[in-house]
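Content type mmCIF, C-alpha atoms, from the file data_32.cif:
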```cif
data_structure
#
loop_
_atom_site.group_PDB
_atom_site.id
_atom_site.type_symbol
_atom_site.label_atom_id
_atom_site.label_comp_id
_atom_site.auth_asym_id
_atom_site.auth_seq_id
_atom_site.Cartn_x
_atom_site.Cartn_y
_atom_site.Cartn_z
ATOM 1 C CA MET A 1 20.054 -30.286 12.982
ATOM 2 C CA GLY A 2 20.665 -26.600 13.587
ATOM 3 C CA LEU A 3 19.921 -25.772 9.971
ATOM 4 C CA ALA A 4 16.755 -27.896 10.027
ATOM 5 C CA LEU A 5 15.558 -25.992 13.081
ATOM 6 C CA MET A 6 16.373 -22.680 11.405
ATOM 7 C CA LEU A 7 14.490 -23.670 8.265
ATOM 8 C CA ALA A 8 11.503 -24.794 10.323
ATOM 9 C CA THR A 9 11.520 -21.442 12.131
ATOM 10 C CA ALA A 10 11.650 -19.638 8.784
ATOM 11 C CA ALA A 11 8.687 -21.635 7.486
ATOM 12 C CA LEU A 12 6.645 -20.758 10.587
ATOM 13 C CA GLY A 13 7.548 -17.110 10.240
ATOM 14 C CA ALA A 14 6.481 -17.041 6.604
ATOM 15 C CA SER A 15 3.005 -18.310 7.392
ATOM 16 C CA SER A 16 2.238 -15.565 9.912
ATOM 17 C CA THR A 17 1.521 -12.216 8.263
ATOM 18 C CA SER A 18 2.823 -12.530 4.719
ATOM 19 C CA ASP A 19 -0.385 -14.272 3.606
ATOM 20 C CA LEU A 20 -2.665 -11.528 4.883
ATOM 21 C CA LEU A 21 -4.276 -9.241 2.329
ATOM 22 C CA PRO A 22 -4.333 -5.459 2.296
ATOM 23 C CA PRO A 23 -7.929 -4.263 2.904
ATOM 24 C CA GLU A 24 -8.530 -3.248 -0.734
ATOM 25 C CA ARG A 25 -7.884 -6.857 -1.750
ATOM 26 C CA ALA A 26 -9.707 -8.415 1.196
ATOM 27 C CA PHE A 27 -12.862 -6.340 0.567
ATOM 28 C CA PRO A 28 -12.770 -5.173 -3.090
ATOM 29 C CA PHE A 29 -15.676 -2.920 -4.039
ATOM 30 C CA THR A 30 -17.272 -2.568 -7.484
ATOM 31 C CA ALA A 31 -20.479 -0.998 -8.782
ATOM 32 C CA ARG A 32 -22.466 -1.273 -12.018
ATOM 33 C CA ALA A 33 -25.622 0.297 -13.384
ATOM 34 C CA LEU A 34 -28.716 -1.890 -13.215
ATOM 35 C CA GLY A 35 -31.141 0.616 -14.675
ATOM 36 C CA PRO A 36 -31.670 4.338 -15.258
ATOM 37 C CA GLN A 37 -31.870 5.034 -11.513
ATOM 38 C CA THR A 38 -30.330 1.994 -9.872
ATOM 39 C CA VAL A 39 -26.806 0.788 -9.266
ATOM 40 C CA GLU A 40 -25.623 -2.493 -7.857
ATOM 41 C CA ALA A 41 -22.924 -2.023 -5.238
ATOM 42 C CA ARG A 42 -20.887 -5.113 -4.572
ATOM 43 C CA PHE A 43 -18.205 -6.248 -2.137
ATOM 44 C CA ASN A 44 -16.385 -9.467 -2.972
ATOM 45 C CA VAL A 45 -15.178 -10.450 0.471
ATOM 46 C CA ALA A 46 -12.175 -12.770 0.219
ATOM 47 C CA ASP A 47 -12.281 -16.195 1.902
ATOM 48 C CA GLY A 48 -11.319 -15.955 5.555
ATOM 49 C CA TYR A 49 -12.422 -12.321 5.879
ATOM 50 C CA TYR A 50 -15.677 -10.658 6.957
ATOM 51 C CA LEU A 51 -17.303 -7.222 6.967
ATOM 52 C CA TYR A 52 -19.386 -5.612 9.706
ATOM 53 C CA ARG A 53 -22.921 -4.677 8.613
ATOM 54 C CA ASP A 54 -23.194 -1.575 10.799
ATOM 55 C CA LYS A 55 -19.945 -0.147 9.403
ATOM 56 C CA ILE A 56 -21.105 -0.034 5.788
ATOM 57 C CA ARG A 57 -21.992 3.416 4.416
ATOM 58 C CA PHE A 58 -22.604 4.678 0.907
ATOM 59 C CA GLN A 59 -22.295 8.195 -0.416
ATOM 60 C CA VAL A 60 -22.727 9.523 -3.921
ATOM 61 C CA GLU A 61 -21.099 12.341 -5.832
ATOM 62 C CA PRO A 62 -22.672 14.562 -6.858
ATOM 63 C CA ALA A 63 -24.880 14.515 -3.756
ATOM 64 C CA SER A 64 -27.674 16.001 -5.932
ATOM 65 C CA ALA A 65 -28.123 12.494 -7.439
ATOM 66 C CA GLY A 66 -30.184 11.832 -4.288
ATOM 67 C CA LEU A 67 -29.153 8.448 -2.951
ATOM 68 C CA VAL A 68 -32.154 6.734 -1.370
ATOM 69 C CA ALA A 69 -31.343 4.985 1.907
ATOM 70 C CA SER A 70 -30.774 1.375 1.026
ATOM 71 C CA GLU A 71 -31.623 -1.685 3.036
ATOM 72 C CA LEU A 72 -28.654 -3.925 3.698
ATOM 73 C CA PRO A 73 -29.121 -7.704 3.855
ATOM 74 C CA ALA A 74 -29.507 -9.082 7.383
ATOM 75 C CA GLY A 75 -26.091 -10.781 7.439
ATOM 76 C CA LYS A 76 -24.979 -13.423 9.879
ATOM 77 C CA VAL A 77 -25.244 -12.529 13.549
ATOM 78 C CA LYS A 78 -22.071 -12.892 15.596
ATOM 79 C CA HIS A 79 -21.879 -12.274 19.328
ATOM 80 C CA ASP A 80 -19.354 -9.669 20.387
ATOM 81 C CA GLU A 81 -18.656 -9.374 24.117
ATOM 82 C CA PHE A 82 -18.234 -5.596 23.955
ATOM 83 C CA PHE A 83 -20.791 -4.601 21.315
ATOM 84 C CA GLY A 84 -23.387 -7.378 21.756
ATOM 85 C CA ASN A 85 -24.824 -9.019 18.656
ATOM 86 C CA VAL A 86 -23.297 -7.751 15.434
ATOM 87 C CA ALA A 87 -24.158 -8.771 11.869
ATOM 88 C CA THR A 88 -21.380 -9.728 9.463
ATOM 89 C CA TYR A 89 -21.032 -10.594 5.786
ATOM 90 C CA ARG A 90 -18.817 -13.124 4.066
ATOM 91 C CA GLY A 91 -18.496 -13.868 0.359
ATOM 92 C CA VAL A 92 -20.404 -11.601 -2.006
ATOM 93 C CA LEU A 93 -22.443 -8.714 -0.618
ATOM 94 C CA ARG A 94 -24.770 -7.012 -3.133
ATOM 95 C CA VAL A 95 -26.692 -3.857 -2.318
ATOM 96 C CA ASP A 96 -29.006 -2.126 -4.793
ATOM 97 C CA LEU A 97 -28.707 1.635 -4.586
ATOM 98 C CA ALA A 98 -31.473 3.868 -5.943
ATOM 99 C CA PHE A 99 -31.161 7.525 -6.958
ATOM 100 C CA LYS A 100 -33.941 10.121 -6.959
ATOM 101 C CA SER A 101 -32.658 12.670 -9.416
ATOM 102 C CA VAL A 102 -30.237 11.426 -12.013
ATOM 103 C CA ALA A 103 -30.174 12.117 -15.743
ATOM 104 C CA PRO A 104 -29.782 9.502 -18.478
ATOM 105 C CA GLY A 105 -26.099 8.920 -19.198
ATOM 106 C CA GLN A 106 -24.995 10.680 -15.999
ATOM 107 C CA ARG A 107 -21.734 9.626 -14.399
ATOM 108 C CA ILE A 108 -21.885 9.198 -10.662
ATOM 109 C CA VAL A 109 -19.226 8.239 -8.142
ATOM 110 C CA ILE A 110 -20.158 5.796 -5.412
ATOM 111 C CA LYS A 111 -18.102 6.037 -2.232
ATOM 112 C CA ALA A 112 -18.362 2.913 -0.113
ATOM 113 C CA GLU A 113 -17.077 2.805 3.436
ATOM 114 C CA SER A 114 -16.562 -0.564 5.058
ATOM 115 C CA GLN A 115 -14.753 -2.186 7.921
ATOM 116 C CA GLY A 116 -13.850 -5.783 8.526
ATOM 117 C CA CYS A 117 -11.490 -8.376 9.901
ATOM 118 C CA ALA A 118 -9.613 -11.535 8.958
ATOM 119 C CA ASP A 119 -10.222 -14.862 10.678
ATOM 120 C CA ALA A 120 -6.436 -14.979 11.105
ATOM 121 C CA GLY A 121 -6.916 -12.418 13.901
ATOM 122 C CA ILE A 122 -6.484 -8.924 12.538
ATOM 123 C CA CYS A 123 -8.945 -6.094 11.912
ATOM 124 C CA TYR A 124 -8.694 -3.185 9.521
ATOM 125 C CA PRO A 125 -9.689 0.426 10.149
ATOM 126 C CA PRO A 126 -12.540 1.881 8.059
ATOM 127 C CA LEU A 127 -11.773 1.822 4.358
ATOM 128 C CA VAL A 128 -13.316 4.097 1.720
ATOM 129 C CA GLN A 129 -13.365 2.773 -1.851
ATOM 130 C CA THR A 130 -14.856 4.472 -4.881
ATOM 131 C CA ALA A 131 -16.386 3.264 -8.131
ATOM 132 C CA THR A 132 -17.550 5.396 -11.050
ATOM 133 C CA VAL A 133 -20.746 4.348 -12.801
ATOM 134 C CA THR A 134 -22.262 5.726 -15.991
ATOM 135 C CA LEU A 135 -26.016 5.348 -15.952
ATOM 136 C CA PRO A 136 -27.726 4.125 -19.137
ATOM 137 C CA ALA A 137 -28.100 6.853 -21.786
ATOM 138 C CA GLY A 138 -31.752 6.153 -22.576
ATOM 139 C CA THR A 139 -34.743 4.905 -20.660
ATOM 140 C CA VAL A 140 -35.424 2.118 -23.164
ATOM 141 C CA ILE A 141 -36.086 -1.167 -21.415
ATOM 142 C CA PRO A 142 -33.585 -3.765 -22.694
ATOM 143 C CA GLU A 143 -35.144 -6.170 -25.161
ATOM 144 C CA ASP A 144 -35.454 -9.827 -24.416
ATOM 145 C CA PRO A 145 -32.640 -11.314 -26.541
ATOM 146 C CA ALA A 146 -34.802 -14.362 -27.343
ATOM 147 C CA LYS A 147 -37.295 -12.186 -29.214
ATOM 148 C CA LYS A 148 -34.685 -10.253 -31.140
ATOM 149 C CA SER A 149 -34.815 -11.064 -34.834
ATOM 150 C CA TRP A 150 -33.886 -9.374 -38.133
ATOM 151 C CA PHE A 151 -37.431 -10.095 -39.389
ATOM 152 C CA ASN A 152 -39.355 -8.227 -36.617
ATOM 153 C CA MET B 1 47.131 -14.653 -10.760
ATOM 154 C CA ALA B 2 46.818 -16.554 -7.520
ATOM 155 C CA THR B 3 46.311 -13.259 -5.682
ATOM 156 C CA ARG B 4 43.549 -12.300 -8.113
ATOM 157 C CA ARG B 5 41.844 -15.643 -7.611
ATOM 158 C CA THR B 6 42.084 -15.169 -3.846
ATOM 159 C CA LYS B 7 40.559 -11.693 -4.153
ATOM 160 C CA VAL B 8 37.681 -13.037 -6.238
ATOM 161 C CA PHE B 9 37.141 -15.781 -3.678
ATOM 162 C CA VAL B 10 37.210 -13.328 -0.790
ATOM 163 C CA SER B 11 34.732 -11.043 -2.590
ATOM 164 C CA LEU B 12 32.393 -13.939 -3.345
ATOM 165 C CA ALA B 13 32.663 -15.150 0.219
ATOM 166 C CA GLY B 14 31.874 -11.612 1.384
ATOM 167 C CA ILE B 15 28.803 -11.361 -0.849
ATOM 168 C CA PHE B 16 27.655 -14.778 0.330
ATOM 169 C CA ALA B 17 28.142 -13.842 3.970
ATOM 170 C CA LEU B 18 26.280 -10.566 3.458
ATOM 171 C CA ALA B 19 23.424 -12.319 1.665
ATOM 172 C CA LEU B 20 23.231 -14.960 4.401
ATOM 173 C CA GLY B 21 23.292 -12.242 7.028
ATOM 174 C CA LEU B 22 20.464 -10.330 5.360
ATOM 175 C CA TRP B 23 18.489 -13.520 4.870
ATOM 176 C CA THR B 24 18.910 -14.749 8.414
ATOM 177 C CA GLY B 25 18.379 -11.247 9.741
ATOM 178 C CA SER B 26 15.012 -10.985 8.056
ATOM 179 C CA LYS B 27 13.881 -14.512 8.813
ATOM 180 C CA PHE B 28 15.159 -15.516 12.221
ATOM 181 C CA GLY B 29 15.110 -13.044 15.051
ATOM 182 C CA GLU B 30 14.918 -9.586 13.557
ATOM 183 C CA SER B 31 17.972 -7.409 13.838
ATOM 184 C CA PRO B 32 17.222 -4.785 16.507
ATOM 185 C CA LYS B 33 16.199 -1.365 15.203
ATOM 186 C CA ASP B 34 16.593 1.901 16.981
ATOM 187 C CA GLY B 35 13.359 2.712 18.778
ATOM 188 C CA ALA B 36 14.030 6.462 18.963
ATOM 189 C CA THR B 37 11.045 7.343 16.720
ATOM 190 C CA LEU B 38 8.726 5.248 18.863
ATOM 191 C CA LEU B 39 10.087 6.589 22.146
ATOM 192 C CA ALA B 40 9.639 10.165 20.896
ATOM 193 C CA ILE B 41 5.861 9.676 20.727
ATOM 194 C CA SER B 42 3.678 11.582 23.144
ATOM 195 C CA LEU B 43 -0.093 11.058 23.294
ATOM 196 C CA PRO B 44 -2.905 11.862 25.736
ATOM 197 C CA ASP B 45 -4.194 9.170 28.070
ATOM 198 C CA VAL B 46 -7.882 8.534 28.841
ATOM 199 C CA ALA B 47 -7.859 11.402 31.348
ATOM 200 C CA GLY B 48 -6.418 13.751 28.713
ATOM 201 C CA ARG B 49 -2.949 13.931 30.289
ATOM 202 C CA GLU B 50 -0.092 13.948 27.781
ATOM 203 C CA GLN B 51 2.134 10.887 28.211
ATOM 204 C CA ALA B 52 5.552 10.611 26.594
ATOM 205 C CA LEU B 53 6.737 7.102 25.805
ATOM 206 C CA SER B 54 10.260 8.186 26.736
ATOM 207 C CA GLN B 55 9.230 8.064 30.442
ATOM 208 C CA TRP B 56 9.475 4.242 30.178
ATOM 209 C CA ARG B 57 12.955 4.228 28.616
ATOM 210 C CA GLY B 58 15.083 1.616 30.382
ATOM 211 C CA LYS B 59 12.154 -0.780 30.773
ATOM 212 C CA VAL B 60 11.119 -3.620 28.510
ATOM 213 C CA LEU B 61 8.353 -1.789 26.721
ATOM 214 C CA VAL B 62 5.468 -3.480 24.929
ATOM 215 C CA VAL B 63 3.564 -0.959 22.811
ATOM 216 C CA ASN B 64 0.265 -2.349 21.602
ATOM 217 C CA PHE B 65 -1.797 -0.586 18.911
ATOM 218 C CA TRP B 66 -5.403 -1.664 19.415
ATOM 219 C CA ALA B 67 -9.043 -0.567 19.234
ATOM 220 C CA THR B 68 -12.339 -1.484 20.858
ATOM 221 C CA TRP B 69 -13.698 -2.283 17.379
ATOM 222 C CA CYS B 70 -10.983 -4.925 16.964
ATOM 223 C CA GLU B 71 -12.084 -8.190 18.579
ATOM 224 C CA PRO B 72 -8.692 -9.962 18.370
ATOM 225 C CA CYS B 73 -7.166 -6.908 20.076
ATOM 226 C CA ARG B 74 -9.630 -7.126 22.958
ATOM 227 C CA ASP B 75 -9.036 -10.875 23.200
ATOM 228 C CA GLU B 76 -5.314 -10.547 23.900
ATOM 229 C CA ILE B 77 -5.535 -7.659 26.385
ATOM 230 C CA PRO B 78 -6.403 -9.793 29.477
ATOM 231 C CA GLU B 79 -3.072 -11.591 28.972
ATOM 232 C CA PHE B 80 -1.275 -8.218 28.836
ATOM 233 C CA VAL B 81 -3.028 -7.235 32.071
ATOM 234 C CA ARG B 82 -1.855 -10.446 33.706
ATOM 235 C CA LEU B 83 1.742 -9.959 32.531
ATOM 236 C CA GLN B 84 1.767 -6.306 33.616
ATOM 237 C CA ARG B 85 0.660 -7.449 37.089
ATOM 238 C CA THR B 86 3.306 -10.198 37.211
ATOM 239 C CA TYR B 87 6.275 -8.394 35.661
ATOM 240 C CA GLY B 88 5.461 -4.704 36.150
ATOM 241 C CA ASP B 89 7.741 -4.357 39.179
ATOM 242 C CA LYS B 90 10.500 -6.294 37.404
ATOM 243 C CA GLY B 91 10.889 -3.710 34.673
ATOM 244 C CA MET B 92 8.191 -4.547 32.171
ATOM 245 C CA GLN B 93 5.752 -1.918 30.908
ATOM 246 C CA PHE B 94 2.778 -2.360 28.607
ATOM 247 C CA VAL B 95 1.376 0.709 26.862
ATOM 248 C CA GLY B 96 -1.723 0.631 24.693
ATOM 249 C CA ILE B 97 -2.214 3.084 21.835
ATOM 250 C CA ALA B 98 -5.885 3.087 20.907
ATOM 251 C CA VAL B 99 -6.948 3.742 17.336
ATOM 252 C CA ASP B 100 -10.242 4.818 18.800
ATOM 253 C CA GLU B 101 -12.395 7.423 20.524
ATOM 254 C CA PRO B 102 -11.640 8.363 24.174
ATOM 255 C CA ALA B 103 -15.148 7.506 25.453
ATOM 256 C CA LYS B 104 -15.089 3.972 24.025
ATOM 257 C CA VAL B 105 -11.576 3.403 25.335
ATOM 258 C CA GLY B 106 -12.628 4.704 28.773
ATOM 259 C CA THR B 107 -15.536 2.263 28.952
ATOM 260 C CA PHE B 108 -13.331 -0.655 27.948
ATOM 261 C CA VAL B 109 -10.551 0.302 30.377
ATOM 262 C CA LYS B 110 -13.046 0.242 33.280
ATOM 263 C CA GLU B 111 -14.740 -2.930 32.100
ATOM 264 C CA ILE B 112 -11.550 -4.957 31.818
ATOM 265 C CA GLY B 113 -9.634 -3.302 34.668
ATOM 266 C CA LEU B 114 -6.734 -2.214 32.471
ATOM 267 C CA ASN B 115 -3.662 -1.808 34.683
ATOM 268 C CA TYR B 116 -1.410 -0.023 32.193
ATOM 269 C CA PRO B 117 -1.741 3.287 30.296
ATOM 270 C CA ALA B 118 -4.211 3.486 27.433
ATOM 271 C CA LEU B 119 -3.146 6.341 25.190
ATOM 272 C CA ILE B 120 -5.544 7.784 22.657
ATOM 273 C CA GLY B 121 -4.155 7.858 19.151
ATOM 274 C CA GLY B 122 -7.366 8.101 17.117
ATOM 275 C CA MET B 123 -7.264 7.138 13.449
ATOM 276 C CA GLY B 124 -3.947 8.996 13.119
ATOM 277 C CA ALA B 125 -2.317 6.230 15.146
ATOM 278 C CA ILE B 126 -2.747 3.885 12.184
ATOM 279 C CA GLU B 127 -0.469 6.125 10.118
ATOM 280 C CA LEU B 128 1.935 6.238 13.042
ATOM 281 C CA SER B 129 1.994 2.436 13.248
ATOM 282 C CA LYS B 130 2.611 2.309 9.498
ATOM 283 C CA THR B 131 5.816 4.271 9.919
ATOM 284 C CA LEU B 132 6.840 1.716 12.545
ATOM 285 C CA GLY B 133 6.369 -1.291 10.268
ATOM 286 C CA ASN B 134 2.615 -1.982 10.204
ATOM 287 C CA SER B 135 2.553 -2.589 6.461
ATOM 288 C CA LEU B 136 -1.137 -3.623 6.306
ATOM 289 C CA SER B 137 -2.362 -0.837 8.594
ATOM 290 C CA ALA B 138 -4.248 -3.467 10.576
ATOM 291 C CA LEU B 139 -4.656 -4.269 14.271
ATOM 292 C CA PRO B 140 -3.484 -5.511 16.682
ATOM 293 C CA PHE B 141 0.064 -4.357 16.029
ATOM 294 C CA THR B 142 2.616 -4.694 18.807
ATOM 295 C CA ILE B 143 6.179 -3.490 19.195
ATOM 296 C CA ILE B 144 8.606 -4.835 21.796
ATOM 297 C CA VAL B 145 11.438 -2.543 22.866
ATOM 298 C CA ASP B 146 14.354 -3.711 25.001
ATOM 299 C CA ARG B 147 15.890 -1.833 27.933
ATOM 300 C CA GLN B 148 18.422 -0.201 25.608
ATOM 301 C CA GLY B 149 15.655 1.316 23.473
ATOM 302 C CA PHE B 150 15.956 -1.059 20.535
ATOM 303 C CA ILE B 151 12.935 -2.536 18.797
ATOM 304 C CA VAL B 152 13.459 -6.273 19.044
ATOM 305 C CA HIS B 153 10.135 -7.430 17.623
ATOM 306 C CA THR B 154 7.111 -6.145 15.737
ATOM 307 C CA GLN B 155 3.984 -8.219 15.454
ATOM 308 C CA LEU B 156 0.912 -7.835 13.302
ATOM 309 C CA GLY B 157 -1.828 -9.974 14.814
ATOM 310 C CA VAL B 158 -2.075 -11.392 18.307
ATOM 311 C CA LEU B 159 0.993 -12.287 20.324
ATOM 312 C CA LYS B 160 0.735 -15.821 21.619
ATOM 313 C CA PRO B 161 1.309 -16.086 25.408
ATOM 314 C CA ALA B 162 4.274 -18.479 24.866
ATOM 315 C CA GLN B 163 5.822 -16.050 22.395
ATOM 316 C CA LEU B 164 5.454 -13.167 24.843
ATOM 317 C CA GLN B 165 6.872 -15.263 27.663
ATOM 318 C CA GLY B 166 9.887 -15.990 25.448
ATOM 319 C CA PHE B 167 10.578 -12.275 25.079
ATOM 320 C CA ILE B 168 10.088 -11.715 28.807
ATOM 321 C CA ASP B 169 12.589 -14.453 29.654
ATOM 322 C CA LYS B 170 15.098 -13.043 27.183
ATOM 323 C CA LEU B 171 14.749 -9.331 27.863
ATOM 324 C CA LEU B 172 13.928 -8.893 31.556
#
```
Translate this structure into structure tokens?
Amino acid sequence: MGLALMLATAALGASSTSDLLPPERAFPFTARALGPQTVEARFNVADGYYLYRDKIRFQVEPASAGLVASELPAGKVKHDEFFGNVATYRGVLRVDLAFKSVAPGQRIVIKAESQGCADAGICYPPLVQTATVTLPAGTVIPEDPAKKSWFN
Amino acid sequence: MATRRTKVFVSLAGIFALALGLWTGSKFGESPKDGATLLAISLPDVAGREQALSQWRGKVLVVNFWATWCEPCRDEIPEFVRLQRTYGDKGMQFVGIAVDEPAKVGTFVKEIGLNYPALIGGMGAIELSKTLGNSLSALPFTIIVDRQGFIVHTQLGVLKPAQLQGFIDKLL
């Protein structure tokens, strides 16, 4: 009986915080080039976690690449007693980032700041993640693969 | 030969006992840790006055790392306020360490009628909490210290009222 109680206590203890993810795994950030002057920034928010819209910031290095202010999706509005209505994201968040003065083949570093919480009842401080992107070398528009043929 | 067998048995029994001790120690009721590092902390309060945690040595101290930007943190604070009111004169002391800006903390303190000290730790307090066992650097993170200055419990995530009451009954 005593042992059963002890084992039950151990099982309860194990389910508390050991399942929670570190922020880099709860909100992993990636980026990829979409075109000569655009990059897709992406957060893959893990199930049971969410990000705050107004806490997301992007920066680029070098700053001379000229990041154009990007519009974030509206997100889902959540009422917060202290801050009023706040928008949040779950699942995949994609943001297209545009750059004013980049050269073909240039490598740029995207710094993404985010902040979020877990439904389990914890919140993380702001997290900065980086992703390096190499922009396409040429300005050639990719061909439609359906039209590609050895005889053209 | 018999002596050797006895020695082997004693050694195995010792290893088993040690392993069981470590296992039970980590799973059921943490083994108390010296809270000297925690009690050596000194931080400014909302009014900018430096407050040393050592001033509450001898009390059952509940140190709660929180922030206004952390909704679960704000959700559990009214319960802390209630317990501070009920058990404050019986030797219990709550202390909040805010991973936040003084102005935001000040607004919240007034709004909720916080009846225990709110110390301002800023973002540096996250690192501080990490050294005290906050492995995920997340909030809320709460540490319970007994009257002898030993850390008897650390909690990442909200403390359930029944859980807190259990510590109160045991430690006060």
Exercise for the section: Please identify every residue of chain B that has at least one atom no more than 6 Å from any atom of chain A, counting only C-alpha atoms, and report them as a list in words. Expected result: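 Those within range of chain A come out as Lys27, Cys70, Pro72, Leu136, Ala138, Leu139 and Gly157 of chain B.
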Problem - Point-to-point distance from atom CA of Ala118 of chain B to atom CA of Gln84 of chain B, Å rounded to tenths - result: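 These two atoms are separated by 13.0 Å.
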Handout entry: Selection result of the PyMOL selection byres ((chain B and resi 100) around 9) on this file, as a PyMOL selection string
Key = chain B and resi 66-69+97-99+101-105+120-123+125
Handout entry: 12 Å contact set for Tyr87 of chain B, all atoms listed in the file, chain neighbours under 5 positions out, as a list of chain:residue names
Key =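 Residues meeting the cut-off are B:Lys59, B:Val60, B:Leu61, B:Val62, B:Glu79, B:Phe80, B:Val81, B:Arg82, B:Met92, B:Gln93, B:Phe94, B:Asn115, B:Tyr116, B:Leu164, B:Gln165, B:Ile168, B:Asp169, B:Leu171, B:Leu172.
Pairwise distance (atom CA of Arg42 of chain A, atom CA of His79 of chain A) equals 25.0 Å.
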